Every structure is written in structure tokens, then in C-alpha cells.
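K.L.:
For reference, this is model23.cif, and it has mmCIF, C-alpha atoms.
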```cif
data_coords
loop_
_atom_site.group_PDB
_atom_site.id
_atom_site.type_symbol
_atom_site.label_atom_id
_atom_site.label_comp_id
_atom_site.auth_asym_id
_atom_site.auth_seq_id
_atom_site.Cartn_x
_atom_site.Cartn_y
_atom_site.Cartn_z
ATOM 1 C CA MET A 1 112.368 118.217 111.946
ATOM 2 C CA ALA A 2 111.185 116.363 115.067
ATOM 3 C CA PRO A 3 114.681 116.206 116.632
ATOM 4 C CA LEU A 4 115.084 119.950 116.150
ATOM 5 C CA VAL A 5 111.697 120.713 117.711
ATOM 6 C CA LEU A 6 112.327 118.335 120.609
ATOM 7 C CA GLY A 7 115.779 119.792 121.091
ATOM 8 C CA LEU A 8 114.475 123.343 121.306
ATOM 9 C CA LEU A 9 111.394 122.523 123.368
ATOM 10 C CA PRO A 10 113.137 122.640 126.788
ATOM 11 C CA ALA A 11 114.539 126.107 126.084
ATOM 12 C CA ALA A 12 111.211 127.381 124.763
ATOM 13 C CA THR A 13 109.297 126.164 127.818
ATOM 14 C CA ALA A 14 111.899 127.042 130.473
ATOM 15 C CA GLU A 15 109.851 129.954 131.814
ATOM 16 C CA LEU A 16 106.591 128.021 131.834
ATOM 17 C CA PHE A 17 107.785 124.774 133.351
ATOM 18 C CA GLU A 18 110.595 124.561 135.844
ATOM 19 C CA GLY A 19 112.122 121.562 137.542
ATOM 20 C CA GLU A 20 113.758 118.291 136.705
ATOM 21 C CA ASN A 21 110.458 116.438 136.287
ATOM 22 C CA LEU A 22 109.802 118.168 132.988
ATOM 23 C CA HIS A 23 113.388 117.599 131.866
ATOM 24 C CA GLY A 24 113.030 113.883 132.617
ATOM 25 C CA LEU A 25 109.698 113.686 130.816
ATOM 26 C CA LEU A 26 111.065 115.402 127.715
ATOM 27 C CA LEU A 27 114.138 113.179 127.765
ATOM 28 C CA THR A 28 111.935 110.095 127.946
ATOM 29 C CA PHE A 29 109.901 111.242 124.943
ATOM 30 C CA ALA A 30 113.012 112.214 122.964
ATOM 31 C CA LEU A 31 114.670 108.849 123.544
ATOM 32 C CA ALA A 32 111.493 106.917 122.783
ATOM 33 C CA PHE A 33 110.919 108.805 119.517
ATOM 34 C CA ALA A 34 114.572 108.377 118.543
ATOM 35 C CA ALA A 35 114.367 104.623 119.092
ATOM 36 C CA MET A 36 111.087 104.386 117.155
ATOM 37 C CA ALA A 37 112.695 106.176 114.205
ATOM 38 C CA LEU A 38 116.218 104.752 114.192
ATOM 39 C CA LEU A 39 115.649 101.053 114.936
ATOM 40 C CA PRO A 40 113.281 100.287 112.025
ATOM 41 C CA GLY A 41 115.663 102.104 109.680
ATOM 42 C CA TYR A 42 118.607 100.108 111.011
ATOM 43 C CA ARG A 43 116.741 96.875 110.304
ATOM 44 C CA ARG A 44 116.485 97.964 106.656
ATOM 45 C CA HIS A 45 119.945 99.333 105.934
ATOM 46 C CA LYS A 46 122.062 97.616 108.648
ATOM 47 C CA SER A 47 124.303 100.666 109.142
ATOM 48 C CA LYS A 48 125.708 100.467 112.662
ATOM 49 C CA GLY A 49 126.953 104.057 112.404
ATOM 50 C CA VAL A 50 123.386 105.346 112.727
ATOM 51 C CA ILE A 51 122.848 103.357 115.918
ATOM 52 C CA VAL A 52 126.236 104.390 117.349
ATOM 53 C CA LEU A 53 125.552 108.068 116.619
ATOM 54 C CA GLY A 54 122.058 107.793 118.099
ATOM 55 C CA ALA A 55 123.408 106.041 121.195
ATOM 56 C CA LEU A 56 126.071 108.730 121.656
ATOM 57 C CA GLY A 57 123.345 111.351 121.445
ATOM 58 C CA ALA A 58 121.204 109.521 123.971
ATOM 59 C CA VAL A 59 124.101 109.148 126.420
ATOM 60 C CA ALA A 60 124.956 112.842 126.064
ATOM 61 C CA LEU A 61 121.344 113.853 126.738
ATOM 62 C CA VAL A 62 121.203 111.657 129.838
ATOM 63 C CA LEU A 63 124.549 113.092 131.003
ATOM 64 C CA GLY A 64 123.179 116.589 130.486
ATOM 65 C CA MET A 65 120.140 115.815 132.574
ATOM 66 C CA PHE A 66 122.135 114.411 135.468
ATOM 67 C CA ALA A 67 124.873 117.073 135.355
ATOM 68 C CA GLY A 68 122.654 119.352 137.384
ATOM 69 C CA GLU A 69 122.548 123.089 137.742
ATOM 70 C CA GLU A 70 125.845 123.190 139.631
ATOM 71 C CA HIS A 71 127.505 122.112 136.376
ATOM 72 C CA ALA A 72 125.521 124.361 134.033
ATOM 73 C CA ALA A 73 128.181 124.443 131.304
ATOM 74 C CA LEU A 74 128.363 120.630 131.227
ATOM 75 C CA GLU A 75 124.574 120.380 131.231
ATOM 76 C CA THR A 76 124.259 122.798 128.306
ATOM 77 C CA GLY A 77 127.144 121.347 126.325
ATOM 78 C CA ALA A 78 126.045 117.751 126.757
ATOM 79 C CA THR A 79 122.444 118.585 125.858
ATOM 80 C CA LEU A 80 123.485 120.463 122.717
ATOM 81 C CA ALA A 81 125.934 117.726 121.682
ATOM 82 C CA GLY A 82 123.317 115.040 122.305
ATOM 83 C CA GLY A 83 120.720 116.869 120.258
ATOM 84 C CA ALA A 84 123.219 117.366 117.433
ATOM 85 C CA CYS A 85 124.173 113.664 117.441
ATOM 86 C CA LEU A 86 120.532 112.600 117.340
ATOM 87 C CA THR A 87 119.804 115.066 114.541
ATOM 88 C CA LEU A 88 122.720 113.729 112.488
ATOM 89 C CA ALA A 89 121.661 110.132 113.210
ATOM 90 C CA HIS A 90 118.133 110.879 111.994
ATOM 91 C CA ALA A 91 119.429 112.592 108.855
ATOM 92 C CA ARG A 92 121.786 109.702 108.040
ATOM 93 C CA ASN A 93 119.044 107.165 108.779
ATOM 94 C CA HIS A 94 116.685 108.995 106.420
ATOM 95 C CA THR A 95 119.306 109.107 103.652
ATOM 96 C CA LEU A 96 120.129 105.408 104.010
ATOM 97 C CA CYS A 97 116.456 104.410 104.072
ATOM 98 C CA ARG A 98 115.781 106.381 100.885
ATOM 99 C CA ALA A 99 118.776 104.761 99.169
ATOM 100 C CA CYS A 100 117.661 101.340 100.367
ATOM 101 C CA CYS A 101 114.149 101.894 98.951
ATOM 102 C CA ALA A 102 115.544 103.208 95.667
ATOM 103 C CA ASP A 103 117.771 100.129 95.306
ATOM 104 C CA THR A 104 114.845 97.810 96.059
ATOM 105 C CA ALA A 105 112.573 99.591 93.553
ATOM 106 C CA ALA A 106 115.263 99.493 90.843
ATOM 107 C CA THR A 107 115.777 95.718 91.204
ATOM 108 C CA ARG A 108 112.036 95.031 90.912
ATOM 109 C CA THR A 109 111.672 96.559 87.445
#
```
So that I can check it, write out the structure of this file as C-alpha cells.
P.N.:
Amino acid sequence: MAPLVLGLLPAATAELFEGENLHGLLLTFALAFAAMALLPGYRRHKSKGVIVLGALGAVALVLGMFAGEEHAALETGATLAGGACLTLAHARNHTLCRACCADTAATRT
């Protein structure tokens, strides 16, 4: 849910807050939260695909930020693609962590 909310937050606040400073701040928070969620999960399940997908999302979000208003289509497309990649990475991470915990619990009994 957090990736979806963070992904929609810039659009929802566009009228209230303008400028690249807000975009940079939101990007910083999004990337920090993504790292805090994905890295501990990776340490448990060791699936590099989650990290690759998360990294692709992060790169796309950064590209979207630096595309600038003169390349509005690139900015929008990269931001949407980055948000989608991060959402998929979080979903896959969650699924793998649940499976990892289920396997651990089953071997203990």
C-alpha cells in the first residue's frame, strides 16, 4: 500500500506544492522506504530479482525527476514505470518473505 500512496502523492499535491524541491524530497523518501523494505527481505530470501526490479524502479524514478518539464512525456512515463516496478518489487518481496517464514515454521515442528 505504501508504494501506491507514495506514487500518487506527487499528483495529489501538485496544486499545493510546486517546484523540484518537493519532487526531490518525495523521491528521497520513496527510495529510502523502498530500501528499508526490500533489503531486509532480500537478506531472508536471497532473491536477486526483487533487488533488480527495485533498482530498475529507482533508476526510472530518478530519470523521471531529471527529465524536466521540457520532456513531460518522458518524466511522466519514467515516473509511472518506476512506481510500477517498485510496487511489483514490494509485492514479490512480501510473497517471498511469507513463503520463507512458512518454510521456517514448518521445519521447526
K.L.:
Identify, on the basis of only C-alpha atoms, every residue whose closest approach to Leu38 (chain A) does not exceed 12 Å; exclude the query and any residue fewer than 2 positions from it along the same chain; express the result as a PyMOL selection string.
P.N.:
chain A and resi 3+30-36+40-55+58+86-97
K.L.:
Between CA of Ala72 (chain A) and CA of Leu4 (chain A), measure the distance and give it in Å to one decimal.
P.N.:
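Computing the Euclidean distance for CA of Ala72 (chain A) and CA of Leu4 (chain A) yields 21.2 Å.
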K.L.:
Since I can't run it myself right now, could you work out what the PyMOL selection byres ((chain A and resi 76-83) around 7) selects here and report it as a list in words?
P.N.:
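When the PyMOL selection byres ((chain A and resi 76-83) around 7) is applied, the selected residues are Gly7, Leu56, Gly57, Ala58, Ala60, Leu61, Leu63, Gly64, Ala72, Ala73, Leu74, Glu75, Ala84, Cys85, Leu86 and Thr87 of chain A.
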K.L.:
What is the distance, in Å and to one decimal place, between CA of Arg98 (chain A) and CA of Leu27 (chain A)?
P.N.:
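Between these atoms lies a distance of 27.8 Å.
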K.L.:
Could you state the separation of CA of Leu25 (chain A) and CA of Leu39 (chain A) in Å, given to one decimal place?
P.N.:
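Straight-line distance from CA of Leu25 (chain A) to CA of Leu39 (chain A) works out to 21.1 Å.
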K.L.:
Please complete region 32-46 of chain A so it has N, CA and C atoms, and hand it over as a PDB file, in the coordinates of the input.
P.N.:
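Saved file rebuild36.pdb follows:
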```pdb
ATOM      1  N   ALA A  32     112.468 107.857 123.357  1.00  0.00           N
ATOM      2  CA  ALA A  32     111.493 106.917 122.783  1.00  0.00           C
ATOM      3  C   ALA A  32     111.268 107.190 121.296  1.00  0.00           C
ATOM      4  N   PHE A  33     111.112 108.457 120.928  1.00  0.00           N
ATOM      5  CA  PHE A  33     110.919 108.805 119.517  1.00  0.00           C
ATOM      6  C   PHE A  33     112.161 108.476 118.690  1.00  0.00           C
ATOM      7  N   ALA A  34     113.329 108.702 119.255  1.00  0.00           N
ATOM      8  CA  ALA A  34     114.572 108.377 118.543  1.00  0.00           C
ATOM      9  C   ALA A  34     114.646 106.876 118.273  1.00  0.00           C
ATOM     10  N   ALA A  35     114.341 106.080 119.272  1.00  0.00           N
ATOM     11  CA  ALA A  35     114.367 104.623 119.092  1.00  0.00           C
ATOM     12  C   ALA A  35     113.336 104.172 118.064  1.00  0.00           C
ATOM     13  N   MET A  36     112.138 104.766 118.112  1.00  0.00           N
ATOM     14  CA  MET A  36     111.087 104.386 117.155  1.00  0.00           C
ATOM     15  C   MET A  36     111.462 104.754 115.721  1.00  0.00           C
ATOM     16  N   ALA A  37     112.292 105.760 115.549  1.00  0.00           N
ATOM     17  CA  ALA A  37     112.695 106.176 114.205  1.00  0.00           C
ATOM     18  C   ALA A  37     113.949 105.444 113.739  1.00  0.00           C
ATOM     19  N   LEU A  38     114.927 105.289 114.615  1.00  0.00           N
ATOM     20  CA  LEU A  38     116.218 104.752 114.192  1.00  0.00           C
ATOM     21  C   LEU A  38     116.233 103.227 114.064  1.00  0.00           C
ATOM     22  N   LEU A  39     115.574 102.513 114.966  1.00  0.00           N
ATOM     23  CA  LEU A  39     115.649 101.053 114.936  1.00  0.00           C
ATOM     24  C   LEU A  39     115.014 100.436 113.683  1.00  0.00           C
ATOM     25  N   PRO A  40     113.821 100.859 113.267  1.00  0.00           N
ATOM     26  CA  PRO A  40     113.281 100.287 112.025  1.00  0.00           C
ATOM     27  C   PRO A  40     114.171 100.581 110.809  1.00  0.00           C
ATOM     28  N   GLY A  41     114.758 101.767 110.775  1.00  0.00           N
ATOM     29  CA  GLY A  41     115.663 102.104 109.680  1.00  0.00           C
ATOM     30  C   GLY A  41     116.894 101.220 109.699  1.00  0.00           C
ATOM     31  N   TYR A  42     117.437 100.981 110.886  1.00  0.00           N
ATOM     32  CA  TYR A  42     118.607 100.108 111.011  1.00  0.00           C
ATOM     33  C   TYR A  42     118.297  98.706 110.494  1.00  0.00           C
ATOM     34  N   ARG A  43     117.119  98.215 110.777  1.00  0.00           N
ATOM     35  CA  ARG A  43     116.741  96.875 110.304  1.00  0.00           C
ATOM     36  C   ARG A  43     116.734  96.801 108.773  1.00  0.00           C
ATOM     37  N   ARG A  44     116.507  97.929 108.126  1.00  0.00           N
ATOM     38  CA  ARG A  44     116.485  97.964 106.656  1.00  0.00           C
ATOM     39  C   ARG A  44     117.882  98.098 106.072  1.00  0.00           C
ATOM     40  N   HIS A  45     118.667  99.039 106.583  1.00  0.00           N
ATOM     41  CA  HIS A  45     119.945  99.333 105.934  1.00  0.00           C
ATOM     42  C   HIS A  45     121.159  98.753 106.654  1.00  0.00           C
ATOM     43  N   LYS A  46     121.003  98.280 107.871  1.00  0.00           N
ATOM     44  CA  LYS A  46     122.062  97.616 108.648  1.00  0.00           C
ATOM     45  C   LYS A  46     123.305  98.474 108.877  1.00  0.00           C
TER      46      LYS A  46
END
```
